[in-house]
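Participant: entry03.txt is reproduced below (compact mmCIF, C-alpha atoms and all ligand atoms).
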# COMPACT_ATOMS: atom_id res chain seq x y z
CA THR T 1 33.70 -27.48 -18.33
CA TYR T 2 30.25 -26.86 -16.88
CA ILE T 3 29.91 -24.52 -13.90
CA LEU T 4 26.80 -24.19 -11.77
CA GLY T 5 26.43 -20.59 -10.57
CA ILE T 6 24.42 -19.42 -7.54
CA GLU T 7 23.61 -15.76 -6.74
CA THR T 8 21.71 -14.40 -3.70
CA SER T 9 23.50 -11.14 -2.83
CA CYS T 10 20.44 -8.90 -2.91
CA ASP T 11 16.85 -9.53 -3.99
CA GLU T 12 17.29 -12.01 -6.85
CA THR T 13 17.55 -15.75 -6.17
CA ALA T 14 19.38 -17.13 -9.19
CA ALA T 15 20.93 -20.34 -10.50
CA ALA T 16 22.54 -20.99 -13.89
CA ILE T 17 24.71 -23.47 -15.76
CA VAL T 18 27.44 -22.09 -18.04
CA LYS T 19 29.66 -23.99 -20.48
CA ASN T 20 33.34 -23.03 -20.79
CA GLY T 21 32.75 -19.61 -19.24
CA ASP T 22 31.03 -18.10 -22.24
CA GLU T 23 27.95 -20.10 -23.17
CA ILE T 24 24.70 -20.01 -21.18
CA VAL T 25 23.13 -23.46 -20.91
CA SER T 26 20.44 -22.38 -18.45
CA ASN T 27 19.75 -19.18 -16.53
CA VAL T 28 17.00 -18.89 -13.90
CA VAL T 29 16.24 -15.73 -11.91
CA ALA T 30 13.50 -15.47 -9.26
CA SER T 31 12.97 -11.79 -8.56
CA GLN T 32 11.55 -10.61 -5.25
CA ILE T 33 10.62 -7.15 -6.49
CA ASP T 34 6.90 -7.61 -5.74
CA SER T 35 7.61 -8.44 -2.08
CA HIS T 36 9.79 -5.36 -1.52
CA LYS T 37 7.79 -2.88 -3.61
CA ARG T 38 5.42 -1.81 -0.85
CA PHE T 39 8.40 -0.92 1.36
CA GLY T 40 10.01 1.16 -1.39
CA GLY T 41 13.26 -0.81 -1.21
CA VAL T 42 14.85 -4.13 -0.31
CA VAL T 43 14.07 -5.34 3.24
CA PRO T 44 17.03 -7.58 4.18
CA GLU T 45 15.07 -9.92 6.48
CA ILE T 46 12.43 -10.55 3.81
CA ALA T 47 15.13 -11.05 1.17
CA SER T 48 16.86 -13.79 3.20
CA ARG T 49 13.59 -15.62 3.80
CA HIS T 50 12.68 -15.55 0.11
CA HIS T 51 16.12 -16.88 -0.85
CA VAL T 52 15.56 -19.86 1.47
CA GLU T 53 12.16 -20.50 -0.11
CA GLN T 54 13.32 -20.08 -3.71
CA MET T 55 16.76 -21.73 -3.68
CA THR T 56 15.77 -25.35 -4.39
CA ILE T 57 13.17 -24.21 -6.92
CA VAL T 58 15.61 -22.18 -9.03
CA LEU T 59 18.25 -24.93 -8.77
CA GLU T 60 15.84 -27.59 -10.04
CA GLU T 61 14.73 -25.28 -12.83
CA ALA T 62 18.37 -24.60 -13.85
CA PHE T 63 19.03 -28.35 -14.19
CA GLU T 64 15.72 -28.91 -15.97
CA GLN T 65 16.30 -26.09 -18.53
CA ALA T 66 19.78 -27.44 -19.18
CA ASP T 67 18.53 -31.03 -19.31
CA MET T 68 21.50 -31.95 -17.11
CA THR T 69 22.16 -33.74 -13.81
CA TRP T 70 24.79 -33.26 -11.08
CA ASP T 71 27.04 -35.75 -12.94
CA ASP T 72 27.43 -33.15 -15.73
CA VAL T 73 28.52 -30.32 -13.42
CA ASP T 74 32.26 -29.75 -12.81
CA ALA T 75 32.17 -27.09 -10.08
CA VAL T 76 29.87 -24.86 -8.03
CA ALA T 77 30.43 -21.08 -8.08
CA VAL T 78 28.68 -18.79 -5.63
CA THR T 79 28.62 -15.06 -4.81
CA GLU T 80 30.50 -14.67 -1.51
CA GLY T 81 30.19 -10.83 -1.40
CA PRO T 82 29.60 -7.96 -1.40
CA GLY T 83 25.89 -7.74 -0.60
CA LEU T 84 23.41 -8.24 2.22
CA VAL T 85 24.98 -10.64 4.70
CA GLY T 86 21.83 -12.64 5.43
CA ALA T 87 21.06 -12.93 1.72
CA LEU T 88 24.63 -13.96 0.83
CA LEU T 89 24.64 -16.61 3.58
CA VAL T 90 21.76 -18.48 1.95
CA GLY T 91 23.66 -18.84 -1.33
CA VAL T 92 27.01 -19.59 0.29
CA ASN T 93 25.60 -22.26 2.61
CA SER T 94 23.55 -23.86 -0.18
CA ALA T 95 26.60 -23.97 -2.45
CA LYS T 96 28.78 -25.42 0.30
CA ALA T 97 26.27 -28.14 1.18
CA LEU T 98 25.69 -29.09 -2.46
CA ALA T 99 29.35 -29.04 -3.49
CA PHE T 100 30.31 -31.10 -0.43
CA ALA T 101 27.54 -33.65 -0.95
CA ARG T 102 28.25 -34.01 -4.69
CA GLN T 103 32.04 -33.82 -4.24
CA LYS T 104 32.48 -30.85 -6.58
CA PRO T 105 35.01 -28.02 -6.19
CA LEU T 106 33.60 -24.87 -4.56
CA ILE T 107 34.42 -21.43 -6.00
CA GLY T 108 33.67 -18.16 -4.21
CA VAL T 109 33.00 -15.29 -6.64
CA HIS T 110 33.02 -11.50 -6.15
CA HIS T 111 29.63 -10.09 -7.21
CA LEU T 112 31.21 -7.28 -9.28
CA ALA T 113 33.53 -9.72 -11.07
CA GLY T 114 30.28 -11.44 -11.96
CA HIS T 115 28.77 -8.23 -13.37
CA ILE T 116 31.94 -7.71 -15.46
CA TYR T 117 31.90 -11.28 -16.79
CA ALA T 118 28.26 -10.88 -17.89
CA ASN T 119 29.97 -9.47 -21.00
CA ARG T 120 31.81 -12.74 -21.77
CA PHE T 121 28.69 -14.23 -23.38
CA GLN T 122 29.03 -11.81 -26.30
CA THR T 123 32.72 -10.95 -26.51
CA GLU T 124 36.25 -12.15 -25.76
CA PHE T 125 38.15 -9.83 -23.43
CA GLU T 126 41.03 -7.75 -24.87
CA PHE T 127 43.47 -6.40 -22.29
CA PRO T 128 44.05 -3.81 -21.01
CA LEU T 129 40.30 -3.53 -20.60
CA LEU T 130 38.30 -0.73 -18.96
CA ALA T 131 35.15 -1.72 -17.05
CA LEU T 132 32.51 0.81 -16.04
CA ILE T 133 30.46 -0.74 -13.23
CA VAL T 134 27.17 1.03 -12.57
CA SER T 135 24.85 -0.82 -10.23
CA GLY T 136 22.57 -0.40 -7.23
CA GLY T 137 25.48 -0.31 -4.79
CA HIS T 138 28.55 0.56 -6.91
CA THR T 139 29.87 3.06 -9.44
CA GLU T 140 33.45 2.18 -10.36
CA LEU T 141 35.99 2.38 -13.15
CA ILE T 142 38.28 -0.64 -13.20
CA VAL T 143 41.24 -1.45 -15.46
CA MET T 144 41.87 -5.15 -16.05
CA HIS T 145 45.32 -6.23 -17.29
CA ALA T 146 44.40 -9.92 -17.46
CA HIS T 147 41.55 -12.23 -16.53
CA GLY T 148 40.79 -12.03 -12.82
CA ASN T 149 42.96 -8.91 -12.35
CA TYR T 150 41.26 -5.70 -11.21
CA GLU T 151 42.78 -2.24 -10.74
CA LEU T 152 40.31 0.23 -9.25
CA ILE T 153 40.96 3.68 -10.79
CA GLY T 154 37.82 5.50 -9.66
CA GLU T 155 34.72 5.03 -7.54
CA THR T 156 31.81 6.98 -6.11
CA ARG T 157 32.49 9.08 -3.04
CA ASP T 158 28.85 8.96 -1.94
CA ASP T 159 25.83 7.47 -3.72
CA ALA T 160 26.01 4.82 -6.42
CA ALA T 161 24.38 5.70 -9.75
CA GLY T 162 21.58 3.15 -9.26
CA GLU T 163 21.00 4.39 -5.73
CA ALA T 164 20.56 7.95 -7.05
CA TYR T 165 18.05 6.69 -9.62
CA ASP T 166 16.11 4.82 -6.94
CA LYS T 167 16.07 7.80 -4.54
CA ILE T 168 14.91 10.31 -7.17
CA ALA T 169 12.24 7.84 -8.27
CA ARG T 170 10.99 7.65 -4.70
CA VAL T 171 10.62 11.43 -4.49
CA LEU T 172 8.73 11.33 -7.81
CA GLU T 173 6.49 8.66 -6.24
CA LEU T 174 7.43 6.02 -8.80
CA PRO T 175 7.41 2.33 -7.83
CA TYR T 176 10.59 0.46 -6.80
CA PRO T 177 13.01 -0.15 -8.45
CA GLY T 178 13.08 3.37 -9.82
CA GLY T 179 15.82 3.09 -12.42
CA PRO T 180 13.73 1.58 -15.22
CA GLN T 181 10.83 3.97 -14.41
CA ILE T 182 13.02 7.09 -14.72
CA ASP T 183 14.56 5.67 -17.89
CA LYS T 184 11.07 5.38 -19.42
CA LEU T 185 9.99 8.90 -18.34
CA ALA T 186 13.28 10.40 -19.55
CA ALA T 187 12.59 9.10 -23.05
CA GLU T 188 9.30 11.05 -23.04
CA GLY T 189 10.76 14.37 -21.83
CA GLU T 190 13.28 17.07 -22.67
CA ALA T 191 16.35 17.75 -20.52
CA SER T 192 15.17 21.33 -20.05
CA MET T 193 16.61 21.82 -16.54
CA THR T 194 20.31 22.03 -15.77
CA PHE T 195 21.36 19.96 -12.77
CA PRO T 196 24.92 19.86 -11.40
CA ARG T 197 27.61 17.58 -12.81
CA ALA T 198 30.28 16.61 -10.28
CA TRP T 199 33.53 16.46 -12.26
CA LEU T 200 35.68 16.60 -9.08
CA GLU T 201 39.45 17.15 -9.55
CA SER T 202 40.42 17.27 -13.23
CA ASP T 203 42.52 14.09 -13.02
CA SER T 204 40.04 12.15 -10.88
CA TYR T 205 38.01 9.20 -12.08
CA ASP T 206 35.90 9.30 -8.93
CA PHE T 207 32.19 10.06 -9.00
CA SER T 208 29.74 11.90 -6.77
CA PHE T 209 25.97 11.88 -7.16
CA SER T 210 24.75 13.26 -3.82
CA GLY T 211 24.89 16.93 -4.94
CA LEU T 212 22.90 16.09 -8.05
CA LYS T 213 20.41 14.15 -5.94
CA SER T 214 19.91 17.06 -3.49
CA SER T 215 19.54 19.53 -6.34
CA VAL T 216 16.84 17.44 -8.03
CA ILE T 217 15.00 16.84 -4.75
CA ASN T 218 15.12 20.58 -3.88
CA THR T 219 13.74 21.48 -7.29
CA ILE T 220 10.82 19.09 -6.81
CA HIS T 221 10.12 20.28 -3.23
CA ASN T 222 10.30 23.99 -4.14
CA ALA T 223 7.86 23.53 -7.00
CA THR T 224 5.49 21.54 -4.79
CA GLN T 225 5.63 24.23 -2.08
CA ARG T 226 4.82 26.97 -4.55
CA GLY T 227 1.96 24.87 -5.80
CA GLU T 228 3.50 24.67 -9.25
CA SER T 229 3.11 21.56 -11.31
CA ILE T 230 6.33 20.02 -12.48
CA SER T 231 6.89 17.69 -15.38
CA LYS T 232 8.16 14.33 -14.13
CA GLN T 233 9.34 13.70 -17.68
CA SER T 234 11.61 16.73 -17.77
CA ILE T 235 12.92 16.08 -14.25
CA ALA T 236 13.74 12.51 -15.29
CA ALA T 237 15.32 13.57 -18.58
CA SER T 238 17.39 16.35 -16.95
CA PHE T 239 18.56 14.13 -14.09
CA GLN T 240 19.46 11.31 -16.47
CA SER T 241 21.32 13.67 -18.76
CA SER T 242 23.54 14.76 -15.85
CA VAL T 243 24.29 11.16 -14.78
CA VAL T 244 24.94 9.98 -18.34
CA ASP T 245 27.12 12.99 -19.16
CA VAL T 246 29.47 12.36 -16.22
CA LEU T 247 29.62 8.58 -16.68
CA THR T 248 30.30 8.82 -20.41
CA THR T 249 32.89 11.61 -20.16
CA LYS T 250 34.91 9.94 -17.38
CA THR T 251 34.80 6.56 -19.12
CA TRP T 252 36.01 8.16 -22.36
CA LYS T 253 38.88 9.98 -20.58
CA ALA T 254 39.97 6.83 -18.74
CA ALA T 255 39.86 4.78 -21.95
CA GLN T 256 42.20 7.30 -23.60
CA SER T 257 44.65 7.73 -20.76
CA TYR T 258 44.98 3.99 -19.98
CA GLN T 259 45.08 3.20 -23.73
CA VAL T 260 42.71 0.31 -23.29
CA ARG T 261 41.87 -2.12 -26.09
CA GLN T 262 38.27 -2.61 -24.98
CA VAL T 263 35.56 -1.00 -22.84
CA ILE T 264 32.83 -3.00 -21.16
CA VAL T 265 29.86 -1.81 -19.11
CA ALA T 266 28.36 -3.78 -16.22
CA GLY T 267 25.64 -3.64 -13.55
CA GLY T 268 21.95 -2.80 -13.45
CA VAL T 269 22.29 0.79 -14.68
CA ALA T 270 23.97 -0.58 -17.85
CA ALA T 271 20.38 -1.39 -18.82
CA ASN T 272 19.69 2.35 -19.06
CA ALA T 273 18.73 3.34 -22.61
CA GLY T 274 20.20 6.85 -22.34
CA LEU T 275 23.54 5.58 -21.04
CA ARG T 276 23.76 2.85 -23.68
CA ARG T 277 23.09 5.35 -26.47
CA ALA T 278 25.59 7.94 -25.16
CA LEU T 279 28.38 5.38 -24.74
CA GLU T 280 27.70 3.87 -28.16
CA ASN T 281 27.91 7.34 -29.76
CA GLN T 282 31.07 8.19 -27.84
CA PHE T 283 32.96 5.02 -28.75
CA GLN T 284 31.64 4.62 -32.28
CA ASP T 285 34.49 5.26 -34.75
CA SER T 286 36.98 5.46 -31.85
CA GLY T 287 38.64 2.16 -32.67
CA ILE T 288 37.95 1.00 -29.11
CA PRO T 289 35.31 -1.74 -29.08
CA LEU T 290 32.49 -1.24 -26.55
CA ALA T 291 30.46 -4.10 -25.04
CA ILE T 292 27.25 -3.79 -23.01
CA PRO T 293 25.34 -6.91 -21.92
CA PRO T 294 21.78 -7.53 -23.10
CA LEU T 295 19.24 -6.10 -20.63
CA GLU T 296 18.52 -9.34 -18.75
CA LEU T 297 22.23 -9.87 -18.04
CA CYS T 298 22.80 -6.32 -16.72
CA THR T 299 20.87 -6.90 -13.48
CA ASP T 300 21.67 -9.69 -11.00
CA ASN T 301 21.80 -13.23 -12.39
CA ALA T 302 23.78 -16.42 -11.79
CA ALA T 303 25.10 -16.93 -15.33
CA MET T 304 27.54 -14.06 -14.74
CA ILE T 305 28.65 -15.67 -11.45
CA ALA T 306 29.31 -18.98 -13.24
CA ALA T 307 31.26 -17.14 -15.98
CA ALA T 308 33.48 -15.40 -13.40
CA GLY T 309 33.75 -18.69 -11.49
CA PHE T 310 35.11 -20.35 -14.64
CA VAL T 311 38.05 -17.91 -14.61
CA ASN T 312 38.74 -18.54 -10.90
CA ASN T 313 38.58 -22.28 -11.53
CA ASN T 314 41.07 -22.05 -14.42
CA GLN T 315 43.41 -20.03 -12.22
CA GLY T 316 43.17 -22.58 -9.42
CA LYS T 317 41.32 -20.11 -7.18
CA ARG T 318 39.03 -22.48 -5.34
CA SER T 319 37.49 -22.04 -1.92
CA GLY T 320 37.68 -24.20 1.19
CA TRP T 321 34.75 -25.53 3.19
CA ASP T 322 35.24 -22.54 5.50
CA LEU T 323 34.02 -20.15 2.75
CA ASN T 324 31.94 -17.43 4.38
CA ALA T 325 29.73 -14.58 3.23
CA ASN T 326 31.62 -11.27 3.24
CA PRO T 327 29.29 -8.26 2.87
CA SER T 328 32.21 -5.89 2.15
CA LEU T 329 34.48 -8.18 0.09
CA PRO T 330 37.05 -6.10 -1.85
CA LEU T 331 37.57 -6.77 -5.59
CA LYS T 332 41.22 -7.69 -6.22
P1 LIG E 1 25.45 -4.25 -6.59
O1 LIG E 1 25.59 -4.99 -7.86
O2 LIG E 1 26.22 -2.98 -6.55
O3 LIG E 1 25.65 -5.11 -5.39
P2 LIG E 1 22.61 -4.54 -7.01
O4 LIG E 1 22.99 -5.95 -7.26
O5 LIG E 1 21.47 -4.21 -6.12
O6 LIG E 1 23.90 -3.75 -6.48
P3 LIG E 1 22.04 -4.44 -9.78
O7 LIG E 1 21.12 -5.59 -9.69
O8 LIG E 1 23.28 -4.62 -10.52
O9 LIG E 1 22.37 -3.81 -8.36
O10 LIG E 1 21.24 -3.24 -10.40
C1 LIG E 1 20.07 -2.74 -9.80
C2 LIG E 1 20.08 -1.25 -9.98
O11 LIG E 1 20.01 -0.94 -11.38
C3 LIG E 1 18.91 -0.55 -9.32
O12 LIG E 1 19.38 0.61 -8.65
C4 LIG E 1 18.02 -0.16 -10.51
O13 LIG E 1 17.23 0.99 -10.28
C5 LIG E 1 19.06 0.09 -11.59
N1 LIG E 1 18.50 -0.04 -12.94
C6 LIG E 1 17.96 -1.13 -13.53
N2 LIG E 1 17.51 -0.83 -14.77
C7 LIG E 1 17.80 0.50 -14.98
C8 LIG E 1 17.59 1.41 -16.05
N3 LIG E 1 16.99 1.05 -17.18
N4 LIG E 1 18.00 2.69 -15.88
C9 LIG E 1 18.62 3.08 -14.74
N5 LIG E 1 18.84 2.27 -13.69
C10 LIG E 1 18.43 1.00 -13.81
MG MG E 2 18.25 -6.53 -7.58
FE FE E 3 24.39 -6.53 -8.70
Written as structure tokens, how would this file's structure read?
Facilitator:
Amino acid sequence: TYILGIETSCDETAAAIVKNGDEIVSNVVASQIDSHKRFGGVVPEIASRHHVEQMTIVLEEAFEQADMTWDDVDAVAVTEGPGLVGALLVGVNSAKALAFARQKPLIGVHHLAGHIYANRFQTEFEFPLLALIVSGGHTELIVMHAHGNYELIGETRDDAAGEAYDKIARVLELPYPGGPQIDKLAAEGEASMTFPRAWLESDSYDFSFSGLKSSVINTIHNATQRGESISKQSIAASFQSSVVDVLTTKTWKAAQSYQVRQVIVAGGVAANAGLRRALENQFQDSGIPLAIPPLELCTDNAAMIAAAGFVNNNQGKRSGWDLNANPSLPLK
């Protein structure tokens, strides 16, 4: 089975073809980072316009890389939500038009299911499975009891991890997106400052990063006001150490208490070197296998959407021609 995946939920226009849900045949991502950089973040109106301009280009490239035609494709999977509504609409409407014209089944996919299934290219899933999702808009712990089954056990009460990275980076005057920049600086510095870690209630798997964010920003502002120079490297390292500490500890606790057979990590922040190292150390010798996607599959792409779409297709979860973008689609 060959699934064509389409992703336009934020600022990446992406198309990919995936075989049997676990083999990438082609994977094309057109990033808009350069267009949004001067605004310090994603401008929704600009994102939608770029998706319209890039859609046919990435689709043609996906077929070309795969050396395939529409005759070889069995179904079209597309991100229906969550994300920016105008951005999602471009992908959803393209997928609907193409699937209708080529008489292929249409499959709506949840963006976070996509992030989770980015791990399928390197591992089978063993259930119960614990997924740590850390992205630009989400920080969640999810237990899966079977394919396509998602039990939310914890989530952020304020900022997402990636959002915190991007905001701190902005205060440090680093270019957008800030996550990779802070990651780089953190590797060059020592975590010499102690920033808060929000553990919340002892039995909670929820997260909170707004207190940490305020504390880091206050530290930077106070130093600037006193005319003191401050090491961006140690700020980055100390901030990252707080984020990584909380994420790793809560993931470890959840893995124990839900007695999962596998842990997978998903979303853009899964590309973070400090987080990858801490999780690998924590789960090494634990008997619980840990999977983290390669860097290019952590951030938004369409291969992950096709992989999640394969599961929906197998389970008969197909969409009608009334499929619509849903910016706040729940994962269930
Ligand atoms: P969502 O998936 O929640 O809808 P999104 O699609 O915008 O949000 P992703 O593309 O999954 O998010 O990830 C982008 C986020 O990942 C950004 O916040 C970015 O700063 C962060 N990020 C990317 N690389 C790294 C890294 N090496 N370290 C920390 N954060 C990173
Ligand atoms: Mg993005
Ligand atoms: Fe994403």
Participant: Within 9 Å of ligand FE 3 (chain E) (counting only C-alpha atoms and all ligand atoms), which residues show up? I'd like them as a list of chain:residue names.
Facilitator: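 Using only C-alpha atoms and all ligand atoms, I find these residues within 9 Å of ligand FE 3 (chain E): T:Ser9, T:Cys10, T:Gly83, T:His111, T:Leu112, T:Gly114, T:His115, T:Val134, T:Ser135, T:Gly136, T:Gly137, T:His138, T:Ala266, T:Gly267, T:Gly268, T:Cys298, T:Thr299, T:Asp300, T:Asn301.
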Participant: Put a box with edges along x, y and z around all the listed atoms of ligand LIG 1 (chain E), pad it by 3 Å on each side, then give me its centre and sizes in Å, one decimal, as AutoDock Vina command-line options.
Facilitator:
--center_x 21.6 --center_y -1.4 --center_z -11.3 --size_x 15.2 --size_y 15.0 --size_z 17.8
Participant: Within 12 Å of ligand MG 2 (chain E) (counting all atoms listed in the file), which residues show up? I'd like them as JSON, numbers by chain.
Facilitator: {"T": [7, 8, 9, 10, 11, 12, 13, 14, 29, 30, 31, 32, 33, 34, 36, 37, 41, 42, 43, 44, 47, 83, 84, 87, 111, 135, 136, 137, 162, 163, 166, 176, 177, 178, 179, 267, 268, 269, 296, 297, 298, 299, 300, 301]}
Participant: So which residues touch Ala101 of chain T within 12 Å, counting only C-alpha atoms, skipping near sequence neighbours fewer than 6 positions away, as an mmCIF file with C-alpha atoms, in the frame of the given file?
Facilitator:
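Contents of out_26.cif, freshly written:
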data_model
loop_
_atom_site.group_PDB
_atom_site.id
_atom_site.type_symbol
_atom_site.label_atom_id
_atom_site.label_comp_id
_atom_site.auth_asym_id
_atom_site.auth_seq_id
_atom_site.Cartn_x
_atom_site.Cartn_y
_atom_site.Cartn_z
ATOM 1 C CA TRP T 70 24.790 -33.260 -11.080
ATOM 2 C CA VAL T 76 29.870 -24.860 -8.030
ATOM 3 C CA SER T 94 23.550 -23.860 -0.180
ATOM 4 C CA ALA T 95 26.600 -23.970 -2.450
ATOM 5 C CA TRP T 321 34.750 -25.530 3.190
#
Participant: Pick the closest to ligand LIG 1 (chain E) from T:Trp199, T:Tyr258, T:Tyr165, T:Tyr205: which is it, counting all atoms listed in the file?
Facilitator: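 Using all atoms listed in the file, the shortest distance to ligand LIG 1 (chain E) belongs to T:Tyr165.
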Participant: In terms of the shortest atom-to-atom distance over only C-alpha atoms, which of T:Phe283, T:Ile230, T:Asn218, T:Gln262 is closest to Thr248 of chain T?
Facilitator: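 That would be T:Phe283, the residue with the smallest distance to Thr248 of chain T.
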Participant: Give me the residues within 7 Å of Ala62 of chain T as a PyMOL selection string, counting only C-alpha atoms and dropping any in the same chain fewer than 2 places off.
Facilitator: chain T and resi 15-17+26-28+58-60+64-66
Participant: Please produce an output containing C-alpha atoms for each residue in the selection, written as a CSV table (one decimal), in the frame of the given file.
Facilitator:
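Just written: out.csv:
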chain,number,residue,atom,x,y,z
T,15,ALA,CA,20.9,-20.3,-10.5
T,16,ALA,CA,22.5,-21.0,-13.9
T,17,ILE,CA,24.7,-23.5,-15.8
T,26,SER,CA,20.4,-22.4,-18.4
T,27,ASN,CA,19.8,-19.2,-16.5
T,28,VAL,CA,17.0,-18.9,-13.9
T,58,VAL,CA,15.6,-22.2,-9.0
T,59,LEU,CA,18.2,-24.9,-8.8
T,60,GLU,CA,15.8,-27.6,-10.0
T,64,GLU,CA,15.7,-28.9,-16.0
T,65,GLN,CA,16.3,-26.1,-18.5
T,66,ALA,CA,19.8,-27.4,-19.2
Participant: Pick out the residues sitting within 8 Å of segment 326-330 of chain T, and hand them over as a ChimeraX atom specification; count all atoms listed in the file, and ignore anything fewer than 5 positions along from it in its own chain.
Facilitator: /T:80-85,88,110
Participant: Keeping C-alpha atoms, export the residues of the selection given above as a PDB file, keeping the file's coordinate frame.
Facilitator:
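Produced file part-v1.pdb, reproduced below:
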ATOM      1  CA  GLU T  80      30.500 -14.670  -1.510  1.00  0.00           C
ATOM      2  CA  GLY T  81      30.190 -10.830  -1.400  1.00  0.00           C
ATOM      3  CA  PRO T  82      29.600  -7.960  -1.400  1.00  0.00           C
ATOM      4  CA  GLY T  83      25.890  -7.740  -0.600  1.00  0.00           C
ATOM      5  CA  LEU T  84      23.410  -8.240   2.220  1.00  0.00           C
ATOM      6  CA  VAL T  85      24.980 -10.640   4.700  1.00  0.00           C
ATOM      7  CA  LEU T  88      24.630 -13.960   0.830  1.00  0.00           C
ATOM      8  CA  HIS T 110      33.020 -11.500  -6.150  1.00  0.00           C
TER       9      HIS T 110
END
Participant: Would you please work out which residue, of T:Thr123, T:Ser242, T:Thr79, T:Thr69, is nearest to Gly309 of chain T when using all atoms listed in the file?
Facilitator: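 Once distances to Gly309 of chain T are computed over all atoms listed in the file, the minimum belongs to T:Thr79.
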Participant: Using all atoms listed in the file for the distances, tell me which of T:Pro289, T:Pro196, T:Gly320, T:Gly274 is nearest to ligand LIG 1 (chain E).
Facilitator: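 Checking each candidate against ligand LIG 1 (chain E), we get T:Gly274 as the closest.
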Participant: So which one's closest to Val171 of chain T, T:Arg38, T:Lys104, T:Arg226, T:His221? Using all atoms listed in the file, please.
Facilitator: T:His221
Participant: How many Å lie between atom CA of Arg120 of chain T and atom CA of Ala307 of chain T, rounded to one decimal?
Facilitator: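 We find that atom CA of Arg120 of chain T and atom CA of Ala307 of chain T lie 7.3 Å from each other.
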Participant: Can you pull out every residue within 7 Å of Asp206 of chain T, counting only C-alpha atoms, but drop anything in the same chain fewer than 6 positions away, and send it as a PyMOL selection string?
Facilitator: chain T and resi 154-157
Participant: From the list T:Val263, T:Leu200, T:Val90, T:Ala118, which residue is nearest Ala303 of chain T when using all atoms listed in the file?
Facilitator: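 Ranked by minimum distance to Ala303 of chain T, first place goes to T:Ala118.
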Participant: Atom CA of Gly21 of chain T and atom CA of Ala308 of chain T, how far apart in Å?
Facilitator: 7.2 Å
